[in-house]
Each structure stands twice: as structure tokens, then as C-alpha cells.
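S.K.: Let me begin by handing over the structure; questions about it come next.
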Amino acid sequence: MSGVEVVNIDCPYCGETIDLFIDCSVEEQRYVEDCSVCCRPIDVSVILEDDGMPGVTVSQENDA
């Protein structure tokens with residue numbers, strides 16, 4: 001699968017549900033994205049599953 005998938009996650013700081021736009025052309029990625037609600041930095045890890053869908057794990061930055 002390639003393209004972009006929208007994944008809903010809960011911010012590890014404020015708990016609000018936000019949308020992440022995941023680039024499915026990259027099998028494994030890690031980056032920091034600011035929460036669109038509280039603006040705090042979220043550490044995002046993505047690994048594409050066997051079916052091509054992104055498996056997303058989020059944590060507070062520097063918490064890993």
C-alpha cells in the first residue's frame with residue numbers, strides 16, 4: 001500500500017484525539033509531531049503491518 005492514511009491517536013499529554021497523516025510509502029519511521037490541541041511534542045513511531053496498514057505508537061517526547 002502506498003499513499004497517505006489518516007490515523008486517530010490520543011495525545012499522551014492532553015488526551016485529546018487528533019489525526020495523524022501517515023505516509024505509507026515508508027515502511028518504518030519515527031518523528032516528532034506537535035499536538036494540534038495542546039502543542040506539546042509527541043514522539044510518533046510507525047511500522048507498516050503485513051497488510052500495509054500503519055501500526056502507530058505515540059509517547060511523550062523523551063519518554064522512550
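In the C-alpha cells, chains take the letters A, B, ... in the order shown, each chain's residues start at 1, and ligands count up from 1 in the order shown.
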So that I can see what lies close to A:Asp10, please list as a VMD selection string the residues with an atom at most 12 Å from it, counting only C-alpha atoms and leaving out residues fewer than 2 positions away in the same chain.
M.R.: chain A and resid 7 to 8 12 to 20 35 to 38 42 44 56 to 60
S.K.: Considering only C-alpha atoms, can you say which of A:Ile22, A:Val6, A:Val32, A:Cys11 comes closest to A:Glu61?
M.R.: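 Nearest candidate to A:Glu61 out of A:Ile22, A:Val6, A:Val32, A:Cys11: A:Val32.
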S.K.: Can you work out which one of A:Asn62, A:Arg40, A:Pro54, A:Glu5 has the shortest atom-to-atom distance to A:Glu28, counting only C-alpha atoms?
M.R.: A:Pro54
S.K.: Please measure the separation of atom CA of A:Gly52 and atom CA of A:Arg30, giving the value in Å to one decimal.
M.R.: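 Separation between atom CA of A:Gly52 and atom CA of A:Arg30: 16.9 Å.
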S.K.: Just list the residues in chain A DSSP gives strand (DSSP E or B) on the backbone, as a ChimeraX atom specification.
M.R.: /A:4-10,17-23,28-34,41-48,54-60
S.K.: Atoms to include: N, CA and C atoms. Write the selected residues as an mmCIF file, in the first residue's frame.
M.R.:
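What ended up in result-v4.cif:
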data_model
loop_
_atom_site.group_PDB
_atom_site.id
_atom_site.type_symbol
_atom_site.label_atom_id
_atom_site.label_comp_id
_atom_site.auth_asym_id
_atom_site.auth_seq_id
_atom_site.Cartn_x
_atom_site.Cartn_y
_atom_site.Cartn_z
ATOM 1 N N VAL A 4 -1.321 8.001 1.644
ATOM 2 C CA VAL A 4 -1.416 8.551 2.992
ATOM 3 C C VAL A 4 -2.648 7.964 3.689
ATOM 4 N N GLU A 5 -2.456 7.521 4.923
ATOM 5 C CA GLU A 5 -3.551 7.037 5.765
ATOM 6 C C GLU A 5 -3.730 8.015 6.917
ATOM 7 N N VAL A 6 -4.968 8.266 7.292
ATOM 8 C CA VAL A 6 -5.261 9.100 8.451
ATOM 9 C C VAL A 6 -5.475 8.164 9.639
ATOM 10 N N VAL A 7 -4.713 8.399 10.712
ATOM 11 C CA VAL A 7 -4.809 7.582 11.914
ATOM 12 C C VAL A 7 -5.195 8.491 13.074
ATOM 13 N N ASN A 8 -6.205 8.085 13.830
ATOM 14 C CA ASN A 8 -6.610 8.827 15.023
ATOM 15 C C ASN A 8 -5.808 8.316 16.213
ATOM 16 N N ILE A 9 -5.192 9.228 16.960
ATOM 17 C CA ILE A 9 -4.460 8.856 18.168
ATOM 18 C C ILE A 9 -4.909 9.768 19.302
ATOM 19 N N ASP A 10 -4.662 9.323 20.520
ATOM 20 C CA ASP A 10 -4.919 10.160 21.682
ATOM 21 C C ASP A 10 -3.603 10.784 22.115
ATOM 22 N N THR A 17 -8.185 13.439 21.077
ATOM 23 C CA THR A 17 -7.988 12.656 19.864
ATOM 24 C C THR A 17 -7.603 13.595 18.728
ATOM 25 N N ILE A 18 -6.505 13.261 18.054
ATOM 26 C CA ILE A 18 -6.047 14.062 16.919
ATOM 27 C C ILE A 18 -5.781 13.138 15.736
ATOM 28 N N ASP A 19 -5.752 13.706 14.544
ATOM 29 C CA ASP A 19 -5.468 12.965 13.325
ATOM 30 C C ASP A 19 -3.996 13.092 12.975
ATOM 31 N N LEU A 20 -3.385 11.950 12.640
ATOM 32 C CA LEU A 20 -2.036 11.948 12.087
ATOM 33 C C LEU A 20 -2.139 11.481 10.647
ATOM 34 N N PHE A 21 -1.415 12.118 9.757
ATOM 35 C CA PHE A 21 -1.381 11.727 8.357
ATOM 36 C C PHE A 21 -0.100 10.934 8.146
ATOM 37 N N ILE A 22 -0.234 9.623 7.896
ATOM 38 C CA ILE A 22 0.893 8.707 7.820
ATOM 39 C C ILE A 22 1.213 8.402 6.363
ATOM 40 N N ASP A 23 2.474 8.599 5.987
ATOM 41 C CA ASP A 23 2.962 8.280 4.647
ATOM 42 C C ASP A 23 3.241 6.779 4.593
ATOM 43 N N GLU A 28 9.120 2.063 7.852
ATOM 44 C CA GLU A 28 9.356 2.335 9.262
ATOM 45 C C GLU A 28 9.804 3.776 9.420
ATOM 46 N N GLN A 29 9.208 4.476 10.364
ATOM 47 C CA GLN A 29 9.565 5.883 10.555
ATOM 48 C C GLN A 29 9.354 6.286 12.011
ATOM 49 N N ARG A 30 10.134 7.278 12.415
ATOM 50 C CA ARG A 30 9.990 7.844 13.751
ATOM 51 C C ARG A 30 10.216 9.341 13.622
ATOM 52 N N TYR A 31 9.307 10.113 14.225
ATOM 53 C CA TYR A 31 9.409 11.566 14.130
ATOM 54 C C TYR A 31 8.653 12.200 15.278
ATOM 55 N N VAL A 32 8.810 13.503 15.434
ATOM 56 C CA VAL A 32 8.110 14.261 16.463
ATOM 57 C C VAL A 32 7.094 15.158 15.779
ATOM 58 N N GLU A 33 5.860 15.121 16.273
ATOM 59 C CA GLU A 33 4.799 15.980 15.743
ATOM 60 C C GLU A 33 4.105 16.659 16.919
ATOM 61 N N ASP A 34 3.867 17.938 16.798
ATOM 62 C CA ASP A 34 3.191 18.674 17.866
ATOM 63 C C ASP A 34 1.699 18.380 17.867
ATOM 64 N N PRO A 41 5.119 18.267 22.128
ATOM 65 C CA PRO A 41 5.751 17.364 21.152
ATOM 66 C C PRO A 41 5.448 15.895 21.437
ATOM 67 N N ILE A 42 4.908 15.214 20.439
ATOM 68 C CA ILE A 42 4.577 13.795 20.532
ATOM 69 C C ILE A 42 5.600 13.008 19.727
ATOM 70 N N ASP A 43 6.182 11.973 20.357
ATOM 71 C CA ASP A 43 7.097 11.064 19.670
ATOM 72 C C ASP A 43 6.242 10.012 18.965
ATOM 73 N N VAL A 44 6.326 9.961 17.631
ATOM 74 C CA VAL A 44 5.498 9.064 16.826
ATOM 75 C C VAL A 44 6.394 8.005 16.189
ATOM 76 N N SER A 45 6.037 6.726 16.380
ATOM 77 C CA SER A 45 6.725 5.611 15.729
ATOM 78 C C SER A 45 5.715 4.882 14.864
ATOM 79 N N VAL A 46 6.109 4.594 13.608
ATOM 80 C CA VAL A 46 5.216 3.935 12.663
ATOM 81 C C VAL A 46 5.939 2.753 12.035
ATOM 82 N N ILE A 47 5.277 1.609 12.031
ATOM 83 C CA ILE A 47 5.767 0.435 11.304
ATOM 84 C C ILE A 47 4.596 -0.085 10.500
ATOM 85 N N LEU A 48 4.823 -0.295 9.192
ATOM 86 C CA LEU A 48 3.749 -0.836 8.353
ATOM 87 C C LEU A 48 3.541 -2.304 8.682
ATOM 88 N N PRO A 54 -0.668 1.129 8.680
ATOM 89 C CA PRO A 54 0.322 1.594 9.642
ATOM 90 C C PRO A 54 -0.026 1.212 11.082
ATOM 91 N N GLY A 55 0.974 0.690 11.777
ATOM 92 C CA GLY A 55 0.868 0.476 13.215
ATOM 93 C C GLY A 55 1.541 1.663 13.879
ATOM 94 N N VAL A 56 0.805 2.426 14.653
ATOM 95 C CA VAL A 56 1.314 3.687 15.203
ATOM 96 C C VAL A 56 1.392 3.610 16.725
ATOM 97 N N THR A 57 2.543 4.017 17.263
ATOM 98 C CA THR A 57 2.740 4.116 18.700
ATOM 99 C C THR A 57 3.144 5.545 19.008
ATOM 100 N N VAL A 58 2.531 6.153 20.027
ATOM 101 C CA VAL A 58 2.871 7.514 20.408
ATOM 102 C C VAL A 58 3.243 7.557 21.876
ATOM 103 N N SER A 59 4.138 8.488 22.212
ATOM 104 C CA SER A 59 4.523 8.692 23.597
ATOM 105 C C SER A 59 4.958 10.135 23.768
ATOM 106 N N GLN A 60 5.126 10.534 25.025
ATOM 107 C CA GLN A 60 5.647 11.865 25.289
ATOM 108 C C GLN A 60 7.092 11.896 24.807
#
